[in-house]
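Structure below is target.csv: CSV, C-alpha atoms.
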chain,number,residue,atom,x,y,z
A,275,GLU,CA,39.3,-37.3,159.2
A,276,ALA,CA,37.6,-40.4,160.5
A,277,GLN,CA,33.9,-40.2,159.8
A,278,VAL,CA,30.6,-41.7,158.7
A,279,THR,CA,29.2,-39.9,155.7
A,280,GLN,CA,25.5,-40.0,154.9
A,281,ASN,CA,23.8,-38.5,151.8
A,282,PRO,CA,21.5,-36.7,151.3
A,283,ARG,CA,21.1,-34.6,154.5
A,284,TYR,CA,17.5,-33.7,153.6
A,285,LEU,CA,15.1,-35.5,151.3
A,286,ILE,CA,11.4,-34.9,150.5
A,287,THR,CA,9.8,-37.6,148.4
A,288,VAL,CA,6.4,-38.9,147.4
A,289,THR,CA,4.7,-42.1,148.6
A,290,GLY,CA,5.9,-45.1,146.6
A,291,LYS,CA,8.9,-43.6,144.9
A,292,LYS,CA,12.0,-45.8,145.6
A,293,LEU,CA,14.9,-44.1,147.3
A,294,THR,CA,18.3,-44.9,148.6
A,295,VAL,CA,20.2,-43.2,151.4
A,296,THR,CA,23.9,-43.8,151.1
A,297,CYS,CA,26.3,-44.4,154.0
A,298,SER,CA,30.1,-44.7,153.9
A,299,GLN,CA,32.7,-45.0,156.6
A,300,ASN,CA,36.5,-44.6,156.3
A,301,MET,CA,37.5,-46.3,159.5
A,302,ASN,CA,37.6,-49.9,158.3
A,303,HIS,CA,34.9,-50.8,160.8
A,304,GLU,CA,33.3,-54.2,160.9
A,305,TYR,CA,29.9,-53.2,162.4
A,306,MET,CA,27.5,-50.9,160.6
A,307,SER,CA,24.0,-50.0,161.6
A,308,TRP,CA,21.0,-47.9,160.6
A,309,TYR,CA,18.8,-46.2,163.2
A,310,ARG,CA,15.7,-44.0,162.9
A,311,GLN,CA,15.0,-41.3,165.5
A,312,ASP,CA,11.5,-40.2,166.3
A,313,PRO,CA,10.3,-37.8,169.0
A,314,GLY,CA,9.7,-39.5,172.3
A,315,LEU,CA,10.9,-42.9,171.0
A,316,GLY,CA,14.7,-42.3,171.0
A,317,LEU,CA,16.6,-44.2,168.4
A,318,ARG,CA,15.5,-47.6,167.1
A,319,GLN,CA,17.7,-50.0,165.1
A,320,ILE,CA,16.5,-50.8,161.6
A,321,TYR,CA,19.2,-53.1,160.2
A,322,TYR,CA,22.7,-53.9,161.1
A,323,SER,CA,25.7,-55.6,159.5
A,324,MET,CA,28.6,-57.4,161.1
A,325,ASN,CA,30.7,-57.6,158.0
A,326,VAL,CA,30.5,-57.8,154.2
A,327,GLU,CA,27.5,-59.7,153.0
A,328,VAL,CA,26.3,-60.2,156.6
A,329,THR,CA,23.2,-58.3,157.5
A,330,ASP,CA,20.3,-58.8,159.8
A,331,LYS,CA,17.1,-57.1,161.0
A,332,GLY,CA,16.9,-54.8,163.9
A,333,ASP,CA,13.8,-53.8,165.8
A,334,VAL,CA,11.9,-51.9,163.0
A,335,PRO,CA,13.0,-53.4,159.6
A,336,GLU,CA,9.6,-53.4,157.9
A,337,GLY,CA,9.7,-51.3,154.7
A,338,TYR,CA,13.5,-51.1,154.5
A,339,LYS,CA,16.3,-53.0,152.8
A,340,VAL,CA,20.1,-52.9,153.1
A,341,SER,CA,23.1,-54.3,151.5
A,342,ARG,CA,26.8,-54.6,152.4
A,343,LYS,CA,28.7,-55.4,149.3
A,344,GLU,CA,31.8,-53.5,150.4
A,345,LYS,CA,33.1,-53.0,153.9
A,346,ARG,CA,32.8,-49.2,153.8
A,347,ASN,CA,29.3,-48.8,152.4
A,348,PHE,CA,26.0,-49.7,153.9
A,349,PRO,CA,23.1,-48.1,151.9
A,350,LEU,CA,19.5,-48.0,153.2
A,351,ILE,CA,16.8,-48.6,150.6
A,352,LEU,CA,13.2,-47.8,150.8
A,353,GLU,CA,11.5,-49.6,148.0
A,354,SER,CA,8.1,-48.0,148.4
A,355,PRO,CA,8.2,-45.2,151.0
A,356,SER,CA,5.2,-44.4,153.1
A,357,PRO,CA,4.4,-41.4,155.3
A,358,ASN,CA,5.1,-43.4,158.5
A,359,GLN,CA,8.7,-43.6,157.3
A,360,THR,CA,9.1,-39.8,157.7
A,361,SER,CA,11.9,-39.6,160.3
A,362,LEU,CA,15.5,-38.7,161.0
A,363,TYR,CA,17.8,-41.5,160.0
A,364,PHE,CA,21.3,-42.2,161.2
A,365,CYS,CA,24.0,-44.5,160.0
A,366,ALA,CA,26.6,-45.6,162.4
A,367,SER,CA,29.7,-47.8,162.4
A,368,SER,CA,31.9,-49.4,165.0
A,369,PHE,CA,35.1,-51.4,165.3
A,370,SER,CA,33.6,-53.4,168.1
A,371,LEU,CA,30.8,-53.2,170.6
A,372,GLY,CA,33.0,-51.9,173.3
A,373,TYR,CA,34.1,-48.9,171.3
A,374,GLY,CA,30.6,-47.5,170.8
A,375,TYR,CA,29.3,-46.3,167.5
A,376,THR,CA,30.4,-43.4,165.4
A,377,PHE,CA,27.4,-41.7,163.9
A,378,GLY,CA,26.8,-39.9,160.7
A,379,SER,CA,25.2,-36.4,160.6
A,380,GLY,CA,21.7,-37.8,159.8
A,381,THR,CA,19.3,-37.8,156.9
A,382,ARG,CA,15.9,-36.0,157.5
A,383,LEU,CA,13.4,-37.8,155.3
A,384,THR,CA,9.9,-36.5,154.6
A,385,VAL,CA,7.5,-38.8,152.7
A,386,VAL,CA,4.3,-36.9,151.5
B,482,ALA,CA,14.6,-57.9,176.1
B,483,GLN,CA,16.7,-55.1,177.4
B,484,SER,CA,15.3,-51.7,177.8
B,485,VAL,CA,16.6,-48.3,178.9
B,486,THR,CA,14.7,-45.7,180.8
B,487,GLN,CA,15.7,-42.1,181.0
B,488,LEU,CA,13.7,-40.8,183.9
B,489,ASP,CA,13.5,-37.1,182.8
B,490,SER,CA,12.5,-36.0,179.4
B,491,GLN,CA,13.5,-32.4,180.0
B,492,VAL,CA,15.9,-30.9,182.6
B,493,PRO,CA,16.1,-27.1,182.8
B,494,VAL,CA,19.1,-25.8,184.8
B,495,PHE,CA,20.8,-22.5,185.3
B,496,GLU,CA,24.4,-21.9,184.1
B,497,GLU,CA,27.1,-23.0,186.5
B,498,ALA,CA,24.7,-25.2,188.5
B,499,PRO,CA,25.3,-29.0,188.8
B,500,VAL,CA,23.2,-31.4,186.8
B,501,GLU,CA,22.3,-35.1,186.9
B,502,LEU,CA,20.6,-36.9,184.1
B,503,ARG,CA,19.2,-40.2,185.2
B,504,CYS,CA,19.3,-43.5,183.4
B,505,ASN,CA,18.2,-47.0,184.4
B,506,TYR,CA,18.5,-50.2,182.4
B,507,SER,CA,16.6,-53.4,182.7
B,508,SER,CA,19.2,-56.1,182.4
B,509,SER,CA,21.0,-57.6,185.4
B,510,VAL,CA,23.6,-59.4,183.2
B,511,SER,CA,26.9,-57.9,182.1
B,512,VAL,CA,26.4,-54.9,179.9
B,513,TYR,CA,28.2,-52.1,178.2
B,514,LEU,CA,26.8,-48.6,178.9
B,515,PHE,CA,27.1,-45.4,177.0
B,516,TRP,CA,26.1,-41.8,177.1
B,517,TYR,CA,25.7,-39.8,173.8
B,518,VAL,CA,25.1,-36.2,173.2
B,519,GLN,CA,23.2,-34.7,170.3
B,520,TYR,CA,23.5,-31.0,169.5
B,521,PRO,CA,20.8,-29.4,167.3
B,522,ASN,CA,20.9,-30.6,163.7
B,523,GLN,CA,23.9,-32.9,164.4
B,524,GLY,CA,24.5,-36.6,164.8
B,525,LEU,CA,25.3,-38.3,168.1
B,526,GLN,CA,28.6,-37.9,169.7
B,527,LEU,CA,30.0,-40.3,172.3
B,528,LEU,CA,30.4,-38.7,175.8
B,529,LEU,CA,31.6,-41.6,177.8
B,530,LYS,CA,31.3,-45.4,178.2
B,531,TYR,CA,31.4,-48.1,180.9
B,532,LEU,CA,32.7,-51.5,179.9
B,533,SER,CA,34.2,-52.8,183.2
B,534,GLY,CA,36.4,-51.8,186.1
B,535,SER,CA,36.0,-48.6,187.9
B,536,THR,CA,32.4,-47.6,188.4
B,537,LEU,CA,33.1,-43.9,188.0
B,538,VAL,CA,33.7,-43.0,184.4
B,539,LYS,CA,35.0,-39.7,183.1
B,540,GLY,CA,34.1,-38.4,179.7
B,541,ILE,CA,34.5,-35.4,177.5
B,542,ASN,CA,33.4,-31.9,178.3
B,543,GLY,CA,33.6,-32.4,182.0
B,544,PHE,CA,30.9,-35.1,182.2
B,545,GLU,CA,31.1,-38.2,184.4
B,546,ALA,CA,28.8,-41.1,185.1
B,547,GLU,CA,28.6,-43.7,187.8
B,548,PHE,CA,27.7,-47.3,187.2
B,549,ASN,CA,25.6,-48.9,189.9
B,550,LYS,CA,25.0,-52.5,189.3
B,551,SER,CA,22.7,-53.1,192.2
B,552,GLN,CA,20.4,-50.3,191.1
B,553,THR,CA,21.0,-51.0,187.4
B,554,SER,CA,21.7,-47.3,186.9
B,555,PHE,CA,24.1,-45.2,185.0
B,556,HIS,CA,23.5,-41.5,185.8
B,557,LEU,CA,25.3,-38.7,184.1
B,558,ARG,CA,26.6,-35.8,186.1
B,559,LYS,CA,28.4,-32.5,185.6
B,560,PRO,CA,29.4,-30.3,188.5
B,561,SER,CA,28.9,-27.0,186.6
B,562,VAL,CA,27.1,-26.7,183.3
B,563,HIS,CA,27.6,-24.1,180.5
B,564,ILE,CA,25.2,-22.7,178.0
B,565,SER,CA,27.0,-24.8,175.4
B,566,ASP,CA,25.9,-28.0,177.1
B,567,THR,CA,22.3,-27.4,175.9
B,568,ALA,CA,21.6,-30.5,173.9
B,569,GLU,CA,19.8,-33.9,174.0
B,570,TYR,CA,21.4,-36.7,175.9
B,571,PHE,CA,20.9,-40.4,175.2
B,572,CYS,CA,21.8,-43.3,177.4
B,573,ALA,CA,22.4,-46.6,175.7
B,574,VAL,CA,23.1,-50.2,176.6
B,575,SER,CA,24.5,-53.1,174.7
B,576,ASP,CA,25.0,-56.7,175.5
B,577,PRO,CA,28.6,-57.8,175.0
B,578,GLY,CA,27.4,-61.2,173.9
B,579,ASN,CA,25.1,-59.7,171.3
B,580,GLN,CA,26.4,-60.5,167.8
B,581,GLY,CA,24.6,-57.7,166.2
B,582,GLY,CA,26.4,-54.9,167.9
B,583,LYS,CA,23.0,-53.5,168.9
B,584,LEU,CA,22.7,-50.4,171.0
B,585,ILE,CA,19.4,-49.9,172.8
B,586,PHE,CA,18.7,-46.3,173.5
B,587,GLY,CA,16.6,-44.5,176.0
B,588,GLN,CA,14.1,-41.9,174.9
B,589,GLY,CA,16.5,-39.0,175.5
B,590,THR,CA,16.7,-36.1,178.0
B,591,GLU,CA,16.7,-32.5,176.8
B,592,LEU,CA,19.1,-30.5,178.8
B,593,SER,CA,18.3,-26.8,178.7
B,594,VAL,CA,20.9,-24.5,180.3
B,595,LYS,CA,19.7,-21.0,181.0
B,596,PRO,CA,21.8,-17.9,181.7

Exercise: express the given structure as structure tokens:
Amino acid sequence: EAQVTQNPRYLITVTGKKLTVTCSQNMNHEYMSWYRQDPGLGLRQIYYSMNVEVTDKGDVPEGYKVSRKEKRNFPLILESPSPNQTSLYFCASSFSLGYGYTFGSGTRLTVV
Amino acid sequence: AQSVTQLDSQVPVFEEAPVELRCNYSSSVSVYLFWYVQYPNQGLQLLLKYLSGSTLVKGINGFEAEFNKSQTSFHLRKPSVHISDTAEYFCAVSDPGNQGGKLIFGQGTELSVKP
């Protein structure tokens, strides 16, 4: 089944403790992207990648890192999480802009 | 910078009634337009998209949307809603020339279908 898989689905952590949210797609898509969803703000792009080793900042990159060492994987790294990063995170992938993105099921992160 | 405005944050409607969810975007240049649906505790699912051609676009689950370039709008419609359509709906726009594949989302509209 074609899908984007994120792990974990839920995560509660403490301020400052490094964490990684994994994302993997099995559709051989070029584009991958991370979004965060907050009430009243819709979805905002954190980082995106157009291909292996090609990444760039989205609208809200502060406090996040990404890497794209393989085409299928695009992990999101929070080196020192803070409470304002408490949010619902989505990974998405796409063959091209015109196809629209396929989204993962989301990761609900709480930083206390 | 492009922006997307969904004009209603919440839309309550009775089952079998028609519904329209409104979306306006800021750019007057060529754009791709999308509607996504998010059911509770799930990711976003693509409902329909407009890339070019016919301004009336049909999607899944009986939804359709009309692209209006002069009004920079892309309103979503369904002639008769079901309880199962209760969800949050997001309008999104992308610039075909944008190298980052960036989708810009509206704030979302919560559709609540009542029996």

Separation of atom CA of Ser370 of chain A from atom CA of Gln311 of chain A in Å: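 Between atom CA of Gln311 of chain A and atom CA of Ser370 of chain A the gap is 22.3 Å.
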
Show which residues sit within 9 Å of Asn542 of chain B, as a PyMOL selection string. Count only C-alpha atoms, and ignore same-chain residues fewer than 4 positions away. chain B and resi 528+559+566

Contacts from chain B to chain A, 7 Å maximum, all atoms listed in the file: show me the residue list as a short mmCIF file (atom, residue, chain, number, x, y, z; two decimals) with C-alpha atoms, keeping the file's coordinate frame.
data_model
loop_
_atom_site.label_atom_id
_atom_site.label_comp_id
_atom_site.auth_asym_id
_atom_site.auth_seq_id
_atom_site.Cartn_x
_atom_site.Cartn_y
_atom_site.Cartn_z
CA TYR B 513 28.20 -52.10 178.20
CA GLN B 523 23.90 -32.90 164.40
CA GLY B 524 24.50 -36.60 164.80
CA LEU B 525 25.30 -38.30 168.10
CA LEU B 532 32.70 -51.50 179.90
CA PRO B 577 28.60 -57.80 175.00
CA GLY B 581 24.60 -57.70 166.20
CA GLY B 582 26.40 -54.90 167.90
CA PHE B 586 18.70 -46.30 173.50
CA GLY B 587 16.60 -44.50 176.00
CA GLN B 588 14.10 -41.90 174.90
CA GLY B 589 16.50 -39.00 175.50
#

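Of note, atom CA of Asn281 of chain A and atom CA of Ala568 of chain B are spaced 23.6 Å apart.
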
Work out how far apart atom CA of Tyr570 of chain B and atom CA of Pro355 of chain A are and give it in Å to one decimal.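 Interatomic distance, atom CA of Tyr570 of chain B to atom CA of Pro355 of chain A: 29.4 Å.
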
Residues proximal to (34.0, -54.6, 185.0) were defined as those with any atom within 10 Å of that point in the file's coordinates, counting all atoms listed in the file. Which are they, as a PyMOL selection string? chain B and resi 511-513+531-536+548

From the set B:Leu592, B:Leu502, B:Val485, B:Leu514, which residue has the shortest atom-to-atom contact distance to His563 of chain B, counting all atoms listed in the file?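 With all atoms listed in the file as the atom set, the closest residue is B:Leu592.
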
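Minimum distance to Leu584 of chain B across B:Gln483, B:Asn549, B:Ser561, B:Ser508 (counting all atoms listed in the file) occurs at B:Gln483.
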
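Proximity to Ile320 of chain A was assessed for A:Gln359, A:Asn300, A:Thr384, A:Thr289 counting all atoms listed in the file; the smallest distance is recorded for A:Gln359.
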
Would you pick out the contacts of Tyr338 of chain A at 7 Å or less, using all atoms listed in the file, so that residues sharing its chain but fewer than 4 positions from it are not included, and give the list as number ranges by chain? A: 350-353

Just write the chosen residues, C-alpha atoms, as a JSON list (two decimals), in the coordinates of the input.
[["chain", "number", "residue", "atom", "x", "y", "z"],
["A", 350, "LEU", "CA", 19.50, -48.00, 153.20],
["A", 351, "ILE", "CA", 16.80, -48.60, 150.60],
["A", 352, "LEU", "CA", 13.20, -47.80, 150.80],
["A", 353, "GLU", "CA", 11.50, -49.60, 148.00]]

Please, which residues are within 12 Å of (16.5, -27.3, 174.0) by the file's coordinates, counting all atoms listed in the file, and could they come as a PDB file with C-alpha atoms, in the frame of the given file?
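Below you can see result_14.pdb, which holds the result:
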ATOM      1  CA  SER B 490      12.500 -36.000 179.400  1.00  0.00           C
ATOM      2  CA  GLN B 491      13.500 -32.400 180.000  1.00  0.00           C
ATOM      3  CA  VAL B 492      15.900 -30.900 182.600  1.00  0.00           C
ATOM      4  CA  PRO B 493      16.100 -27.100 182.800  1.00  0.00           C
ATOM      5  CA  VAL B 494      19.100 -25.800 184.800  1.00  0.00           C
ATOM      6  CA  GLN B 519      23.200 -34.700 170.300  1.00  0.00           C
ATOM      7  CA  TYR B 520      23.500 -31.000 169.500  1.00  0.00           C
ATOM      8  CA  PRO B 521      20.800 -29.400 167.300  1.00  0.00           C
ATOM      9  CA  ASN B 522      20.900 -30.600 163.700  1.00  0.00           C
ATOM     10  CA  ILE B 564      25.200 -22.700 178.000  1.00  0.00           C
ATOM     11  CA  SER B 565      27.000 -24.800 175.400  1.00  0.00           C
ATOM     12  CA  ASP B 566      25.900 -28.000 177.100  1.00  0.00           C
ATOM     13  CA  THR B 567      22.300 -27.400 175.900  1.00  0.00           C
ATOM     14  CA  ALA B 568      21.600 -30.500 173.900  1.00  0.00           C
ATOM     15  CA  GLU B 569      19.800 -33.900 174.000  1.00  0.00           C
ATOM     16  CA  TYR B 570      21.400 -36.700 175.900  1.00  0.00           C
ATOM     17  CA  GLY B 589      16.500 -39.000 175.500  1.00  0.00           C
ATOM     18  CA  THR B 590      16.700 -36.100 178.000  1.00  0.00           C
ATOM     19  CA  GLU B 591      16.700 -32.500 176.800  1.00  0.00           C
ATOM     20  CA  LEU B 592      19.100 -30.500 178.800  1.00  0.00           C
ATOM     21  CA  SER B 593      18.300 -26.800 178.700  1.00  0.00           C
ATOM     22  CA  VAL B 594      20.900 -24.500 180.300  1.00  0.00           C
ATOM     23  CA  LYS B 595      19.700 -21.000 181.000  1.00  0.00           C
TER      24      LYS B 595
END

Write a file for segment 555-575 of chain B of the given structure; include N, CA, C and O atoms and format it as a PDB file, in the first residue's frame.
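Saved the output as out-v2.pdb:
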ATOM      1  N   PHE B 555     -11.914  29.520  -4.869  1.00  0.00           N
ATOM      2  CA  PHE B 555     -11.961  28.074  -5.164  1.00  0.00           C
ATOM      3  C   PHE B 555     -12.868  27.441  -4.114  1.00  0.00           C
ATOM      4  O   PHE B 555     -12.434  26.747  -3.218  1.00  0.00           O
ATOM      5  N   HIS B 556     -14.154  27.690  -4.246  1.00  0.00           N
ATOM      6  CA  HIS B 556     -15.131  27.232  -3.252  1.00  0.00           C
ATOM      7  C   HIS B 556     -15.479  25.764  -3.450  1.00  0.00           C
ATOM      8  O   HIS B 556     -15.641  25.296  -4.579  1.00  0.00           O
ATOM      9  N   LEU B 557     -15.631  25.080  -2.336  1.00  0.00           N
ATOM     10  CA  LEU B 557     -15.946  23.648  -2.327  1.00  0.00           C
ATOM     11  C   LEU B 557     -17.440  23.474  -2.084  1.00  0.00           C
ATOM     12  O   LEU B 557     -18.009  24.135  -1.206  1.00  0.00           O
ATOM     13  N   ARG B 558     -18.072  22.559  -2.830  1.00  0.00           N
ATOM     14  CA  ARG B 558     -19.511  22.359  -2.699  1.00  0.00           C
ATOM     15  C   ARG B 558     -19.854  20.875  -2.674  1.00  0.00           C
ATOM     16  O   ARG B 558     -19.133  20.031  -3.217  1.00  0.00           O
ATOM     17  N   LYS B 559     -20.970  20.593  -2.019  1.00  0.00           N
ATOM     18  CA  LYS B 559     -21.559  19.259  -2.091  1.00  0.00           C
ATOM     19  C   LYS B 559     -23.073  19.444  -2.027  1.00  0.00           C
ATOM     20  O   LYS B 559     -23.579  20.156  -1.157  1.00  0.00           O
ATOM     21  N   PRO B 560     -23.798  18.827  -2.951  1.00  0.00           N
ATOM     22  CA  PRO B 560     -25.251  19.065  -3.026  1.00  0.00           C
ATOM     23  C   PRO B 560     -26.039  18.466  -1.873  1.00  0.00           C
ATOM     24  O   PRO B 560     -27.120  18.951  -1.545  1.00  0.00           O
ATOM     25  N   SER B 561     -25.504  17.418  -1.252  1.00  0.00           N
ATOM     26  CA  SER B 561     -26.241  16.755  -0.173  1.00  0.00           C
ATOM     27  C   SER B 561     -25.226  16.087   0.753  1.00  0.00           C
ATOM     28  O   SER B 561     -24.568  15.121   0.366  1.00  0.00           O
ATOM     29  N   VAL B 562     -25.096  16.603   1.965  1.00  0.00           N
ATOM     30  CA  VAL B 562     -24.046  16.088   2.861  1.00  0.00           C
ATOM     31  C   VAL B 562     -24.579  14.951   3.733  1.00  0.00           C
ATOM     32  O   VAL B 562     -25.776  14.829   3.978  1.00  0.00           O
ATOM     33  N   HIS B 563     -23.618  14.146   4.199  1.00  0.00           N
ATOM     34  CA  HIS B 563     -23.914  13.034   5.104  1.00  0.00           C
ATOM     35  C   HIS B 563     -23.211  13.269   6.429  1.00  0.00           C
ATOM     36  O   HIS B 563     -22.244  14.039   6.508  1.00  0.00           O
ATOM     37  N   ILE B 564     -23.682  12.573   7.441  1.00  0.00           N
ATOM     38  CA  ILE B 564     -23.040  12.650   8.760  1.00  0.00           C
ATOM     39  C   ILE B 564     -21.543  12.379   8.635  1.00  0.00           C
ATOM     40  O   ILE B 564     -20.711  13.016   9.286  1.00  0.00           O
ATOM     41  N   SER B 565     -21.198  11.447   7.783  1.00  0.00           N
ATOM     42  CA  SER B 565     -19.790  11.043   7.632  1.00  0.00           C
ATOM     43  C   SER B 565     -18.916  12.132   7.011  1.00  0.00           C
ATOM     44  O   SER B 565     -17.683  11.991   6.990  1.00  0.00           O
ATOM     45  N   ASP B 566     -19.501  13.205   6.515  1.00  0.00           N
ATOM     46  CA  ASP B 566     -18.719  14.323   5.977  1.00  0.00           C
ATOM     47  C   ASP B 566     -18.212  15.256   7.076  1.00  0.00           C
ATOM     48  O   ASP B 566     -17.456  16.196   6.793  1.00  0.00           O
ATOM     49  N   THR B 567     -18.637  15.033   8.291  1.00  0.00           N
ATOM     50  CA  THR B 567     -18.149  15.838   9.413  1.00  0.00           C
ATOM     51  C   THR B 567     -16.642  15.692   9.518  1.00  0.00           C
ATOM     52  O   THR B 567     -16.111  14.594   9.703  1.00  0.00           O
ATOM     53  N   ALA B 568     -15.938  16.802   9.385  1.00  0.00           N
ATOM     54  CA  ALA B 568     -14.474  16.788   9.339  1.00  0.00           C
ATOM     55  C   ALA B 568     -13.997  18.234   9.221  1.00  0.00           C
ATOM     56  O   ALA B 568     -14.799  19.162   9.129  1.00  0.00           O
ATOM     57  N   GLU B 569     -12.675  18.389   9.195  1.00  0.00           N
ATOM     58  CA  GLU B 569     -12.107  19.705   8.921  1.00  0.00           C
ATOM     59  C   GLU B 569     -11.600  19.718   7.485  1.00  0.00           C
ATOM     60  O   GLU B 569     -10.979  18.748   7.031  1.00  0.00           O
ATOM     61  N   TYR B 570     -11.846  20.815   6.807  1.00  0.00           N
ATOM     62  CA  TYR B 570     -11.501  20.934   5.395  1.00  0.00           C
ATOM     63  C   TYR B 570     -10.505  22.073   5.213  1.00  0.00           C
ATOM     64  O   TYR B 570     -10.682  23.166   5.752  1.00  0.00           O
ATOM     65  N   PHE B 571      -9.469  21.786   4.444  1.00  0.00           N
ATOM     66  CA  PHE B 571      -8.420  22.763   4.214  1.00  0.00           C
ATOM     67  C   PHE B 571      -8.284  23.051   2.721  1.00  0.00           C
ATOM     68  O   PHE B 571      -8.191  22.129   1.908  1.00  0.00           O
ATOM     69  N   CYS B 572      -8.249  24.327   2.415  1.00  0.00           N
ATOM     70  CA  CYS B 572      -7.932  24.783   1.073  1.00  0.00           C
ATOM     71  C   CYS B 572      -6.437  25.077   1.025  1.00  0.00           C
ATOM     72  O   CYS B 572      -5.856  25.561   2.018  1.00  0.00           O
ATOM     73  N   ALA B 573      -5.791  24.781  -0.091  1.00  0.00           N
ATOM     74  CA  ALA B 573      -4.354  25.013  -0.202  1.00  0.00           C
ATOM     75  C   ALA B 573      -4.008  25.459  -1.616  1.00  0.00           C
ATOM     76  O   ALA B 573      -4.679  25.101  -2.584  1.00  0.00           O
ATOM     77  N   VAL B 574      -2.947  26.220  -1.713  1.00  0.00           N
ATOM     78  CA  VAL B 574      -2.493  26.732  -3.001  1.00  0.00           C
ATOM     79  C   VAL B 574      -1.000  26.510  -3.136  1.00  0.00           C
ATOM     80  O   VAL B 574      -0.264  26.526  -2.145  1.00  0.00           O
ATOM     81  N   SER B 575      -0.558  26.244  -4.346  1.00  0.00           N
ATOM     82  CA  SER B 575       0.881  26.184  -4.601  1.00  0.00           C
ATOM     83  C   SER B 575       1.181  26.901  -5.907  1.00  0.00           C
ATOM     84  O   SER B 575       0.323  27.008  -6.788  1.00  0.00           O
TER      85      SER B 575
END
